[in-house]
file input-v7.cif (mmCIF, C-alpha atoms)
data_target
#
loop_
_atom_site.label_atom_id
_atom_site.label_comp_id
_atom_site.auth_asym_id
_atom_site.auth_seq_id
_atom_site.Cartn_x
_atom_site.Cartn_y
_atom_site.Cartn_z
CA MET F 1 6.68 -17.97 -2.36
CA SER F 2 4.88 -19.16 -5.46
CA ASP F 3 4.58 -22.79 -6.58
CA GLY F 4 4.57 -21.87 -10.26
CA THR F 5 0.78 -21.93 -10.70
CA GLY F 6 0.21 -18.27 -9.91
CA ASP F 7 1.91 -14.92 -9.62
CA SER F 8 3.45 -14.12 -6.23
CA ASP F 9 3.98 -10.48 -7.30
CA ALA F 10 0.25 -10.27 -7.98
CA LEU F 11 -0.39 -11.69 -4.51
CA ASP F 12 1.85 -9.02 -2.97
CA ASP F 13 -0.16 -6.40 -4.89
CA LEU F 14 -3.40 -7.87 -3.56
CA LEU F 15 -2.10 -7.81 0.01
CA ASP F 16 -1.12 -4.16 -0.48
CA LEU F 17 -4.64 -3.50 -1.78
CA LEU F 18 -6.12 -4.83 1.46
CA ASP F 19 -3.74 -2.81 3.64
CA LEU F 20 -6.03 0.20 4.04
CA GLU F 21 -4.85 3.63 5.12
CA ARG F 22 -6.33 4.73 8.44
CA ILE F 23 -7.26 8.41 8.19
CA GLU F 24 -9.36 8.66 11.38
CA ARG F 25 -10.21 6.31 14.26
CA ASP F 26 -13.01 4.63 12.30
CA ILE F 27 -12.38 5.92 8.77
CA PHE F 28 -10.17 4.15 6.25
CA ARG F 29 -9.14 4.77 2.66
CA GLY F 30 -8.46 2.23 -0.05
CA VAL F 31 -7.57 2.16 -3.72
CA SER F 32 -8.53 -0.22 -6.52
CA ARG F 33 -6.43 -2.53 -8.64
CA PHE F 34 -6.51 -3.53 -12.30
CA ALA F 35 -10.08 -4.28 -13.38
CA VAL F 36 -11.26 -6.45 -16.27
CA VAL F 37 -14.46 -4.42 -16.56
CA PRO F 38 -14.84 -0.65 -16.01
CA ARG F 39 -16.02 -0.94 -12.40
CA VAL F 40 -14.56 -2.00 -9.08
CA PHE F 41 -14.56 -5.78 -8.59
CA GLY F 42 -17.20 -6.60 -5.97
CA GLY F 43 -14.95 -8.98 -4.07
CA GLN F 44 -12.42 -6.20 -3.65
CA VAL F 45 -14.79 -3.73 -2.01
CA ALA F 46 -16.26 -6.48 0.20
CA ALA F 47 -12.81 -7.59 1.36
CA GLN F 48 -11.65 -4.03 2.00
CA ALA F 49 -14.81 -3.26 3.99
CA LEU F 50 -14.21 -6.36 6.11
CA VAL F 51 -10.60 -5.27 6.69
CA ALA F 52 -11.89 -1.89 7.88
CA ALA F 53 -14.39 -3.51 10.24
CA GLY F 54 -11.79 -5.96 11.55
CA ARG F 55 -9.37 -3.20 12.46
CA THR F 56 -11.89 -1.81 14.98
CA VAL F 57 -12.42 -5.18 16.72
CA PRO F 58 -10.23 -6.93 19.35
CA GLU F 59 -7.74 -9.33 17.74
CA ASP F 60 -9.22 -12.38 19.46
CA ARG F 61 -12.54 -11.87 17.64
CA LEU F 62 -12.97 -13.01 14.04
CA PRO F 63 -15.89 -12.60 11.64
CA HIS F 64 -18.51 -15.33 11.86
CA SER F 65 -20.87 -13.70 9.36
CA LEU F 66 -21.25 -10.80 6.96
CA HIS F 67 -24.14 -9.40 4.95
CA ALA F 68 -23.56 -6.86 2.20
CA TYR F 69 -25.29 -4.90 -0.56
CA PHE F 70 -23.68 -3.59 -3.72
CA LEU F 71 -25.38 -0.21 -4.21
CA ARG F 72 -23.58 1.42 -7.14
CA PRO F 73 -20.81 0.46 -9.56
CA GLY F 74 -17.48 1.52 -8.12
CA ASP F 75 -15.06 3.75 -10.03
CA PRO F 76 -11.72 1.89 -10.25
CA GLY F 77 -9.90 5.19 -10.81
CA ALA F 78 -11.04 6.78 -7.55
CA GLN F 79 -10.18 6.13 -3.92
CA ILE F 80 -12.80 4.50 -1.69
CA VAL F 81 -13.50 5.80 1.82
CA TYR F 82 -14.75 3.25 4.38
CA THR F 83 -16.56 4.51 7.46
CA VAL F 84 -17.05 2.03 10.31
CA ASP F 85 -19.96 2.29 12.75
CA ARG F 86 -19.36 0.46 16.05
CA ILE F 87 -22.86 -0.95 16.44
CA ARG F 88 -22.25 -3.21 19.45
CA ASP F 89 -19.44 -4.48 21.65
CA GLY F 90 -20.88 -7.32 23.71
CA ARG F 91 -19.33 -10.01 25.88
CA SER F 92 -19.63 -12.64 23.13
CA PHE F 93 -20.31 -10.76 19.90
CA THR F 94 -19.11 -7.56 18.27
CA ALA F 95 -21.11 -5.96 15.44
CA ARG F 96 -19.86 -3.44 12.88
CA ARG F 97 -21.46 -1.61 9.98
CA VAL F 98 -19.32 -0.26 7.12
CA VAL F 99 -20.28 2.14 4.34
CA ALA F 100 -18.01 2.54 1.31
CA VAL F 101 -18.21 5.95 -0.39
CA GLN F 102 -16.97 7.34 -3.70
CA HIS F 103 -17.70 10.75 -5.19
CA GLY F 104 -19.90 11.56 -2.19
CA GLN F 105 -22.20 8.58 -2.70
CA PRO F 106 -22.37 5.18 -0.97
CA ILE F 107 -21.42 2.33 -3.31
CA PHE F 108 -21.43 -0.55 -0.82
CA HIS F 109 -22.82 -1.42 2.60
CA LEU F 110 -21.61 -4.21 4.89
CA SER F 111 -22.69 -5.52 8.28
CA ALA F 112 -20.38 -7.99 10.01
CA SER F 113 -20.46 -9.81 13.33
CA PHE F 114 -17.37 -11.03 15.20
CA GLN F 115 -16.94 -13.64 17.94
CA PRO F 116 -14.05 -15.07 19.98
CA ALA F 117 -13.30 -18.78 19.65
CA GLU F 118 -15.85 -20.87 21.53
CA GLU F 119 -16.61 -24.58 21.99
CA GLY F 120 -20.07 -25.89 21.10
CA LEU F 121 -22.14 -28.57 19.38
CA GLU F 122 -20.62 -29.83 16.12
CA HIS F 123 -22.07 -31.19 12.88
CA GLN F 124 -21.67 -30.40 9.19
CA ALA F 125 -22.73 -31.36 5.68
CA ARG F 126 -20.48 -33.95 4.02
CA MET F 127 -17.96 -32.68 1.51
CA PRO F 128 -18.99 -33.68 -2.04
CA ASP F 129 -16.72 -35.73 -4.26
CA ALA F 130 -14.26 -33.77 -6.39
CA PRO F 131 -11.05 -34.63 -8.25
CA ASP F 132 -7.72 -33.57 -6.80
CA PRO F 133 -6.92 -29.95 -7.75
CA GLU F 134 -3.48 -30.89 -9.08
CA THR F 135 -5.16 -32.97 -11.81
CA LEU F 136 -7.09 -29.96 -13.17
CA PRO F 137 -5.91 -27.37 -15.72
CA THR F 138 -4.68 -24.02 -14.47
CA ALA F 139 -6.26 -20.78 -15.69
CA ALA F 140 -3.19 -20.14 -17.84
CA GLU F 141 -3.75 -23.49 -19.54
CA MET F 142 -7.52 -23.18 -19.89
CA LEU F 143 -8.36 -19.56 -20.74
CA PRO F 144 -6.49 -19.37 -24.07
CA LEU F 145 -8.54 -22.34 -25.30
CA TYR F 146 -11.69 -20.22 -25.22
CA ALA F 147 -10.33 -16.80 -26.17
CA ASP F 148 -12.04 -16.96 -29.59
CA ARG F 149 -15.44 -17.13 -27.85
CA PHE F 150 -14.98 -13.81 -26.09
CA VAL F 151 -16.33 -10.58 -27.57
CA ASP F 152 -12.83 -9.20 -27.05
CA PRO F 153 -10.11 -11.89 -27.33
CA GLY F 154 -7.92 -9.73 -25.05
CA VAL F 155 -10.24 -10.56 -22.14
CA ALA F 156 -8.40 -13.85 -21.61
CA ASP F 157 -5.12 -12.03 -20.95
CA ARG F 158 -6.83 -9.44 -18.74
CA LEU F 159 -8.47 -12.18 -16.67
CA LEU F 160 -5.10 -13.83 -16.15
CA VAL F 161 -3.70 -10.53 -14.89
CA ALA F 162 -6.72 -9.74 -12.70
CA ARG F 163 -6.69 -13.21 -11.12
CA GLY F 164 -2.94 -13.59 -10.95
CA ALA F 165 -2.99 -13.70 -7.14
CA VAL F 166 -5.28 -16.73 -7.11
CA ASP F 167 -4.80 -20.26 -8.43
CA LEU F 168 -8.39 -21.11 -9.42
CA ARG F 169 -9.18 -24.39 -11.19
CA TYR F 170 -12.54 -25.50 -12.58
CA VAL F 171 -13.57 -29.13 -12.09
CA ASP F 172 -15.71 -28.98 -15.26
CA ALA F 173 -15.79 -26.52 -18.14
CA PRO F 174 -16.65 -22.95 -17.05
CA PRO F 175 -19.70 -21.20 -18.56
CA TYR F 176 -17.70 -19.71 -21.43
CA GLY F 177 -16.51 -23.25 -22.24
CA SER F 178 -19.98 -24.74 -22.65
CA VAL F 179 -21.97 -22.02 -24.43
CA GLY F 180 -25.21 -23.34 -25.92
CA ALA F 181 -25.10 -26.60 -23.96
CA PRO F 182 -27.23 -26.24 -20.78
CA ARG F 183 -26.03 -28.23 -17.77
CA GLU F 184 -27.12 -28.80 -14.22
CA PRO F 185 -26.93 -25.55 -12.22
CA ARG F 186 -23.83 -26.60 -10.33
CA SER F 187 -20.14 -25.76 -10.55
CA GLN F 188 -17.07 -26.69 -8.55
CA VAL F 189 -13.75 -24.89 -8.40
CA TRP F 190 -10.67 -25.39 -6.28
CA PHE F 191 -8.80 -22.26 -5.23
CA ARG F 192 -5.88 -21.05 -3.16
CA THR F 193 -3.62 -18.00 -3.21
CA ALA F 194 -0.56 -17.95 -5.46
CA GLY F 195 1.82 -18.08 -2.50
CA LYS F 196 2.05 -18.62 1.24
CA LEU F 197 0.52 -16.14 3.67
CA ALA F 198 1.20 -14.99 7.19
CA ASP F 199 -0.57 -16.67 10.12
CA ASP F 200 -3.20 -13.93 10.36
CA PRO F 201 -6.71 -15.47 10.55
CA LEU F 202 -8.44 -12.17 9.65
CA LEU F 203 -6.33 -11.89 6.50
CA HIS F 204 -7.39 -15.37 5.39
CA VAL F 205 -11.05 -14.52 6.00
CA CYS F 206 -10.77 -11.28 4.01
CA LEU F 207 -9.04 -13.01 1.10
CA ALA F 208 -11.71 -15.72 1.04
CA THR F 209 -14.28 -12.93 0.87
CA TYR F 210 -12.41 -11.43 -2.09
CA ILE F 211 -12.30 -14.73 -4.00
CA SER F 212 -15.90 -15.72 -3.17
CA ASP F 213 -17.28 -13.15 -5.63
CA MET F 214 -15.40 -14.54 -8.64
CA THR F 215 -17.54 -17.53 -9.69
CA LEU F 216 -20.66 -17.79 -7.50
CA LEU F 217 -23.13 -16.88 -10.27
CA ASP F 218 -21.66 -19.41 -12.73
CA PRO F 219 -24.33 -22.07 -12.05
CA ILE F 220 -27.03 -19.66 -13.28
CA LEU F 221 -25.20 -19.29 -16.58
CA LEU F 222 -24.60 -23.04 -16.88
CA VAL F 223 -28.23 -24.08 -16.55
CA HIS F 224 -29.20 -21.68 -19.36
CA GLY F 225 -26.24 -22.48 -21.60
CA ARG F 226 -24.94 -18.93 -21.35
CA GLY F 227 -21.28 -17.98 -21.50
CA GLY F 228 -21.29 -14.82 -19.42
CA TRP F 229 -20.33 -11.18 -19.80
CA ALA F 230 -17.08 -11.97 -21.65
CA VAL F 231 -19.03 -13.89 -24.30
CA GLY F 232 -21.62 -11.12 -24.46
CA ASP F 233 -24.77 -13.22 -24.05
CA VAL F 234 -25.66 -11.84 -20.60
CA VAL F 235 -25.12 -8.67 -18.61
CA GLY F 236 -25.07 -8.71 -14.85
CA ALA F 237 -23.68 -7.61 -11.52
CA SER F 238 -23.73 -8.69 -7.89
CA LEU F 239 -26.62 -7.33 -5.82
CA ASP F 240 -26.03 -8.71 -2.35
CA HIS F 241 -23.64 -11.14 -0.70
CA ALA F 242 -23.69 -13.08 2.57
CA MET F 243 -21.09 -15.36 4.18
CA TRP F 244 -20.93 -17.47 7.33
CA PHE F 245 -17.52 -18.58 8.60
CA HIS F 246 -17.87 -21.89 10.43
CA ARG F 247 -14.38 -23.29 11.02
CA PRO F 248 -10.75 -22.15 10.75
CA PHE F 249 -9.11 -22.40 7.33
CA ARG F 250 -6.16 -21.12 5.34
CA VAL F 251 -6.72 -19.56 1.95
CA ASP F 252 -3.17 -20.44 0.88
CA GLU F 253 -4.19 -24.11 1.04
CA TRP F 254 -6.65 -25.73 -1.37
CA LEU F 255 -10.33 -24.97 -0.75
CA LEU F 256 -13.23 -26.53 -2.68
CA TYR F 257 -15.96 -24.06 -3.73
CA ASP F 258 -19.07 -26.16 -4.35
CA GLN F 259 -21.65 -23.86 -5.98
CA GLU F 260 -25.25 -24.23 -7.16
CA SER F 261 -28.25 -22.12 -8.14
CA PRO F 262 -31.77 -22.97 -6.92
CA SER F 263 -33.54 -20.23 -8.90
CA SER F 264 -33.42 -17.44 -11.44
CA SER F 265 -36.34 -15.14 -12.25
CA GLY F 266 -37.25 -11.48 -12.64
CA GLY F 267 -33.83 -10.58 -14.07
CA ARG F 268 -32.11 -11.94 -10.98
CA GLY F 269 -30.39 -15.21 -10.10
CA LEU F 270 -29.41 -16.80 -6.80
CA GLY F 271 -26.13 -18.58 -6.18
CA GLN F 272 -25.35 -20.53 -3.03
CA ALA F 273 -22.25 -22.46 -2.07
CA ARG F 274 -20.21 -24.25 0.54
CA ILE F 275 -16.44 -23.97 0.86
CA TYR F 276 -14.56 -26.99 2.22
CA THR F 277 -10.98 -27.51 3.29
CA ARG F 278 -9.16 -30.27 1.45
CA ASP F 279 -9.56 -32.63 4.43
CA GLY F 280 -13.36 -32.23 4.33
CA ARG F 281 -14.16 -29.60 6.96
CA LEU F 282 -16.97 -27.18 6.07
CA ALA F 283 -15.32 -23.78 6.44
CA ILE F 284 -17.72 -21.25 4.86
CA SER F 285 -21.26 -20.95 3.52
CA VAL F 286 -22.00 -18.29 0.88
CA ILE F 287 -25.13 -16.90 -0.78
CA GLN F 288 -25.32 -14.21 -3.44
CA GLU F 289 -28.03 -12.72 -5.64
CA GLY F 290 -27.11 -10.99 -8.86
CA VAL F 291 -28.65 -9.24 -11.81
CA ILE F 292 -28.67 -11.63 -14.78
CA ARG F 293 -30.18 -10.19 -17.95
CA THR F 294 -29.99 -10.97 -21.63
CA PRO F 295 -28.62 -7.98 -23.58
CA ARG F 296 -31.07 -5.61 -25.21
CA ASP F 297 -30.67 -4.96 -28.94
#
call {"tool": "encode", "arguments": {"input": "input-v7.cif", "output": "structure tokens"}}
result
Amino acid sequence: MSDGTGDSDALDDLLDLLDLERIERDIFRGVSRFAVVPRVFGGQVAAQALVAAGRTVPEDRLPHSLHAYFLRPGDPGAQIVYTVDRIRDGRSFTARRVVAVQHGQPIFHLSASFQPAEEGLEHQARMPDAPDPETLPTAAEMLPLYADRFVDPGVADRLLVARGAVDLRYVDAPPYGSVGAPREPRSQVWFRTAGKLADDPLLHVCLATYISDMTLLDPILLVHGRGGWAVGDVVGASLDHAMWFHRPFRVDEWLLYDQESPSSSGGRGLGQARIYTRDGRLAISVIQEGVIRTPRD
């Protein structure tokens, strides 16, 4: 059920998107959903690949890390075939490699490691301060305010459709809201799904993977006063993506995505982040490098 801040129908569509068709023991097929740009959203292919890997692993083992490369732009009009390689099945860890293929060519590669629940030493970085998510504007309230800054004003509506399954709220203005005014290379967003989810830990991990690709490169844009692809002052794409899952969480409850960028150079930028539960537990660490270029004439 939705709380009015998102679209529960869109969430149902997203869950259907992640429910891959099994066509052989270790081969799965997926489709794409509505895309704002003419390529498959990176978070989608990463989440689907993790679903494929997870379906070849015992249910008591969950991902503790993944490492992925985006090799080619995906075609949103074509099906994606995911082939899983069972690299290792050990007593404590299970490793899988997944290759996503379209039109006979690999577009994405993922390696993931799984582990059963285990007790061990505990420490974590402190959760940074952030305002309560309920005090922040929703995407539906915020995006129309900046529609005149986009190359195509219709992008605002398309973003609302594409992100309808997720209630994502910026703590400060997003890159397209502060064009020409460089800021510190840091951004915070709160996010959760638009409705409640089943008690399936793998599903929550896969959905967090999907959402993690939405805003991680924002700090690179902020420090240079750039608005992003929708504004037309940069072009870019994700290159690689890594995640470490530290503690249990639910993606249908508020999570704080605390993001920063330590460096950009050579046409690339690095984003790194920590994701915290609302009560302060460090749930996930994320790192991504992307292509960030100023448009050629």
call {"tool": "residues_around", "arguments": {"input": "input-v7.cif", "residues": "Asp9 of chain F", "least_positions_apart": "3", "cutoff": "8 Å", "atoms": "all atoms listed in the file", "output": "number ranges by chain"}}
result
F: 12-13, 165
call {"tool": "closest_residue", "arguments": {"input": "input-v7.cif", "among": "F:Arg250, F:Asp152, F:Pro137, F:Ala53", "to": "Leu197 of chain F", "atoms": "all atoms listed in the file"}}
result
F:Arg250
call {"tool": "closest_residue", "arguments": {"input": "input-v7.cif", "among": "F:Leu66, F:Ala139, F:Met127, F:Ala162", "to": "Asp258 of chain F", "atoms": "only C-alpha atoms"}}
result
F:Met127
call {"tool": "closest_residue", "arguments": {"input": "input-v7.cif", "among": "F:Val99, F:Gly232, F:Ser92, F:Val31", "to": "Pro153 of chain F", "atoms": "all atoms listed in the file"}}
result
F:Gly232
call {"tool": "atom_distance", "arguments": {"input": "input-v7.cif", "atom1": "atom CA of His241 of chain F", "atom2": "atom CA of Ala208 of chain F"}}
result
12.9 Å
call {"tool": "atom_distance", "arguments": {"input": "input-v7.cif", "atom1": "atom CA of Cys206 of chain F", "atom2": "atom CA of Pro262 of chain F"}}
result
26.4 Å
call {"tool": "resolve_selection", "arguments": {"input": "input-v7.cif", "expression": "the PyMOL selection byres ((chain F and resi 168-173) around 8)", "output": "short mmCIF file (atom, residue, chain, number, x, y, z; two decimals) with C-alpha atoms, in the coordinates of the input"}}
result
data_model
loop_
_atom_site.label_atom_id
_atom_site.label_comp_id
_atom_site.auth_asym_id
_atom_site.auth_seq_id
_atom_site.Cartn_x
_atom_site.Cartn_y
_atom_site.Cartn_z
CA ALA F 130 -14.26 -33.77 -6.39
CA PRO F 131 -11.05 -34.63 -8.25
CA PRO F 133 -6.92 -29.95 -7.75
CA LEU F 136 -7.09 -29.96 -13.17
CA PRO F 137 -5.91 -27.37 -15.72
CA THR F 138 -4.68 -24.02 -14.47
CA ALA F 139 -6.26 -20.78 -15.69
CA VAL F 166 -5.28 -16.73 -7.11
CA ASP F 167 -4.80 -20.26 -8.43
CA PRO F 174 -16.65 -22.95 -17.05
CA PRO F 175 -19.70 -21.20 -18.56
CA TYR F 176 -17.70 -19.71 -21.43
CA GLY F 177 -16.51 -23.25 -22.24
CA SER F 178 -19.98 -24.74 -22.65
CA SER F 187 -20.14 -25.76 -10.55
CA GLN F 188 -17.07 -26.69 -8.55
CA VAL F 189 -13.75 -24.89 -8.40
CA TRP F 190 -10.67 -25.39 -6.28
CA PHE F 191 -8.80 -22.26 -5.23
CA ARG F 192 -5.88 -21.05 -3.16
#
call {"tool": "residues_around", "arguments": {"input": "input-v7.cif", "residues": "Ala35 of chain F", "least_positions_apart": "2", "cutoff": "10 Å", "atoms": "only C-alpha atoms", "output": "list in words"}}
result
Ser32, Arg33, Val37, Pro38, Arg39, Val40, Phe41, Pro76, Gly77, Arg158, Leu159, Val161, Ala162 and Arg163 of chain F
call {"tool": "resolve_selection", "arguments": {"input": "input-v7.cif", "expression": "the PyMOL selection byres ((chain F and resi 263) around 12)", "output": "PDB file with C-alpha atoms, in the coordinates of the input"}}
result
ATOM      1  CA  GLU F 184     -27.120 -28.800 -14.220  1.00  0.00           C
ATOM      2  CA  PRO F 185     -26.930 -25.550 -12.220  1.00  0.00           C
ATOM      3  CA  ARG F 186     -23.830 -26.600 -10.330  1.00  0.00           C
ATOM      4  CA  LEU F 217     -23.130 -16.880 -10.270  1.00  0.00           C
ATOM      5  CA  PRO F 219     -24.330 -22.070 -12.050  1.00  0.00           C
ATOM      6  CA  ILE F 220     -27.030 -19.660 -13.280  1.00  0.00           C
ATOM      7  CA  LEU F 221     -25.200 -19.290 -16.580  1.00  0.00           C
ATOM      8  CA  VAL F 223     -28.230 -24.080 -16.550  1.00  0.00           C
ATOM      9  CA  HIS F 224     -29.200 -21.680 -19.360  1.00  0.00           C
ATOM     10  CA  GLU F 260     -25.250 -24.230  -7.160  1.00  0.00           C
ATOM     11  CA  SER F 261     -28.250 -22.120  -8.140  1.00  0.00           C
ATOM     12  CA  PRO F 262     -31.770 -22.970  -6.920  1.00  0.00           C
ATOM     13  CA  SER F 264     -33.420 -17.440 -11.440  1.00  0.00           C
ATOM     14  CA  SER F 265     -36.340 -15.140 -12.250  1.00  0.00           C
ATOM     15  CA  GLY F 266     -37.250 -11.480 -12.640  1.00  0.00           C
ATOM     16  CA  GLY F 267     -33.830 -10.580 -14.070  1.00  0.00           C
ATOM     17  CA  ARG F 268     -32.110 -11.940 -10.980  1.00  0.00           C
ATOM     18  CA  GLY F 269     -30.390 -15.210 -10.100  1.00  0.00           C
ATOM     19  CA  LEU F 270     -29.410 -16.800  -6.800  1.00  0.00           C
ATOM     20  CA  GLY F 271     -26.130 -18.580  -6.180  1.00  0.00           C
ATOM     21  CA  GLN F 272     -25.350 -20.530  -3.030  1.00  0.00           C
ATOM     22  CA  GLN F 288     -25.320 -14.210  -3.440  1.00  0.00           C
ATOM     23  CA  GLU F 289     -28.030 -12.720  -5.640  1.00  0.00           C
ATOM     24  CA  GLY F 290     -27.110 -10.990  -8.860  1.00  0.00           C
ATOM     25  CA  ILE F 292     -28.670 -11.630 -14.780  1.00  0.00           C
TER      26      ILE F 292
END
call {"tool": "residues_around", "arguments": {"input": "input-v7.cif", "residues": "segment 278-281 of chain F", "least_positions_apart": "3", "cutoff": "8 Å", "atoms": "all atoms listed in the file", "output": "VMD selection string"}}
result
chain F and resid 124 126 to 127 247 253 to 256
call {"tool": "resolve_selection", "arguments": {"input": "input-v7.cif", "expression": "the PyMOL selection byres ((chain F and resi 234) around 6)", "output": "MDAnalysis selection string"}}
result
chainID F and resid 228:229 232:233 235 293:295
call {"tool": "atom_distance", "arguments": {"input": "input-v7.cif", "atom1": "atom CA of Arg183 of chain F", "atom2": "atom CA of Leu145 of chain F"}}
result
19.9 Å
call {"tool": "build_atoms", "arguments": {"input": "input-v7.cif", "residues": "segment 206-214 of chain F", "atoms": "all heavy atoms", "output": "PDB file, keeping the file's coordinate frame"}}
result
ATOM      1  N   CYS F 206     -10.557 -12.369   4.972  1.00  0.00           N
ATOM      2  CA  CYS F 206     -10.770 -11.280   4.010  1.00  0.00           C
ATOM      3  C   CYS F 206     -10.431 -11.719   2.589  1.00  0.00           C
ATOM      4  O   CYS F 206     -11.124 -11.342   1.631  1.00  0.00           O
ATOM      5  CB  CYS F 206      -9.946 -10.064   4.414  1.00  0.00           C
ATOM      6  SG  CYS F 206     -10.519  -9.268   5.937  1.00  0.00           S
ATOM      7  N   LEU F 207      -9.391 -12.518   2.431  1.00  0.00           N
ATOM      8  CA  LEU F 207      -9.040 -13.010   1.100  1.00  0.00           C
ATOM      9  C   LEU F 207     -10.078 -13.999   0.588  1.00  0.00           C
ATOM     10  O   LEU F 207     -10.398 -14.016  -0.607  1.00  0.00           O
ATOM     11  CB  LEU F 207      -7.657 -13.640   1.115  1.00  0.00           C
ATOM     12  CG  LEU F 207      -6.504 -12.633   1.115  1.00  0.00           C
ATOM     13  CD1 LEU F 207      -5.190 -13.318   1.447  1.00  0.00           C
ATOM     14  CD2 LEU F 207      -6.395 -11.936  -0.239  1.00  0.00           C
ATOM     15  N   ALA F 208     -10.625 -14.829   1.458  1.00  0.00           N
ATOM     16  CA  ALA F 208     -11.710 -15.720   1.040  1.00  0.00           C
ATOM     17  C   ALA F 208     -12.925 -14.920   0.597  1.00  0.00           C
ATOM     18  O   ALA F 208     -13.618 -15.288  -0.365  1.00  0.00           O
ATOM     19  CB  ALA F 208     -12.080 -16.669   2.184  1.00  0.00           C
ATOM     20  N   THR F 209     -13.189 -13.812   1.269  1.00  0.00           N
ATOM     21  CA  THR F 209     -14.280 -12.930   0.870  1.00  0.00           C
ATOM     22  C   THR F 209     -14.025 -12.365  -0.529  1.00  0.00           C
ATOM     23  O   THR F 209     -14.927 -12.313  -1.376  1.00  0.00           O
ATOM     24  CB  THR F 209     -14.440 -11.796   1.892  1.00  0.00           C
ATOM     25  OG1 THR F 209     -14.707 -12.358   3.183  1.00  0.00           O
ATOM     26  CG2 THR F 209     -15.566 -10.851   1.503  1.00  0.00           C
ATOM     27  N   TYR F 210     -12.795 -11.949  -0.779  1.00  0.00           N
ATOM     28  CA  TYR F 210     -12.410 -11.430  -2.090  1.00  0.00           C
ATOM     29  C   TYR F 210     -12.658 -12.465  -3.191  1.00  0.00           C
ATOM     30  O   TYR F 210     -13.293 -12.184  -4.210  1.00  0.00           O
ATOM     31  CB  TYR F 210     -10.930 -11.046  -2.045  1.00  0.00           C
ATOM     32  CG  TYR F 210     -10.343 -10.562  -3.343  1.00  0.00           C
ATOM     33  CD1 TYR F 210     -10.385  -9.213  -3.693  1.00  0.00           C
ATOM     34  CD2 TYR F 210      -9.730 -11.443  -4.228  1.00  0.00           C
ATOM     35  CE1 TYR F 210      -9.843  -8.764  -4.885  1.00  0.00           C
ATOM     36  CE2 TYR F 210      -9.175 -11.007  -5.418  1.00  0.00           C
ATOM     37  CZ  TYR F 210      -9.238  -9.662  -5.747  1.00  0.00           C
ATOM     38  OH  TYR F 210      -8.702  -9.223  -6.923  1.00  0.00           O
ATOM     39  N   ILE F 211     -12.211 -13.693  -2.973  1.00  0.00           N
ATOM     40  CA  ILE F 211     -12.300 -14.730  -4.000  1.00  0.00           C
ATOM     41  C   ILE F 211     -13.739 -15.219  -4.176  1.00  0.00           C
ATOM     42  O   ILE F 211     -14.138 -15.626  -5.273  1.00  0.00           O
ATOM     43  CB  ILE F 211     -11.367 -15.895  -3.641  1.00  0.00           C
ATOM     44  CG1 ILE F 211      -9.905 -15.405  -3.604  1.00  0.00           C
ATOM     45  CG2 ILE F 211     -11.508 -17.048  -4.624  1.00  0.00           C
ATOM     46  CD1 ILE F 211      -8.928 -16.404  -2.986  1.00  0.00           C
ATOM     47  N   SER F 212     -14.548 -15.157  -3.124  1.00  0.00           N
ATOM     48  CA  SER F 212     -15.900 -15.720  -3.170  1.00  0.00           C
ATOM     49  C   SER F 212     -16.795 -15.066  -4.205  1.00  0.00           C
ATOM     50  O   SER F 212     -17.805 -15.644  -4.624  1.00  0.00           O
ATOM     51  CB  SER F 212     -16.548 -15.616  -1.788  1.00  0.00           C
ATOM     52  OG  SER F 212     -16.842 -14.269  -1.457  1.00  0.00           O
ATOM     53  N   ASP F 213     -16.443 -13.864  -4.658  1.00  0.00           N
ATOM     54  CA  ASP F 213     -17.280 -13.150  -5.630  1.00  0.00           C
ATOM     55  C   ASP F 213     -16.889 -13.462  -7.076  1.00  0.00           C
ATOM     56  O   ASP F 213     -17.492 -12.942  -7.998  1.00  0.00           O
ATOM     57  CB  ASP F 213     -17.175 -11.636  -5.379  1.00  0.00           C
ATOM     58  CG  ASP F 213     -18.174 -10.828  -6.196  1.00  0.00           C
ATOM     59  OD1 ASP F 213     -19.326 -11.268  -6.324  1.00  0.00           O
ATOM     60  OD2 ASP F 213     -17.791  -9.764  -6.718  1.00  0.00           O
ATOM     61  N   MET F 214     -15.901 -14.322  -7.287  1.00  0.00           N
ATOM     62  CA  MET F 214     -15.400 -14.540  -8.640  1.00  0.00           C
ATOM     63  C   MET F 214     -16.292 -15.450  -9.483  1.00  0.00           C
ATOM     64  O   MET F 214     -16.447 -15.232 -10.685  1.00  0.00           O
ATOM     65  CB  MET F 214     -13.990 -15.142  -8.588  1.00  0.00           C
ATOM     66  CG  MET F 214     -12.915 -14.169  -8.152  1.00  0.00           C
ATOM     67  SD  MET F 214     -11.270 -14.937  -8.181  1.00  0.00           S
ATOM     68  CE  MET F 214     -10.240 -13.513  -7.806  1.00  0.00           C
TER      69      MET F 214
END
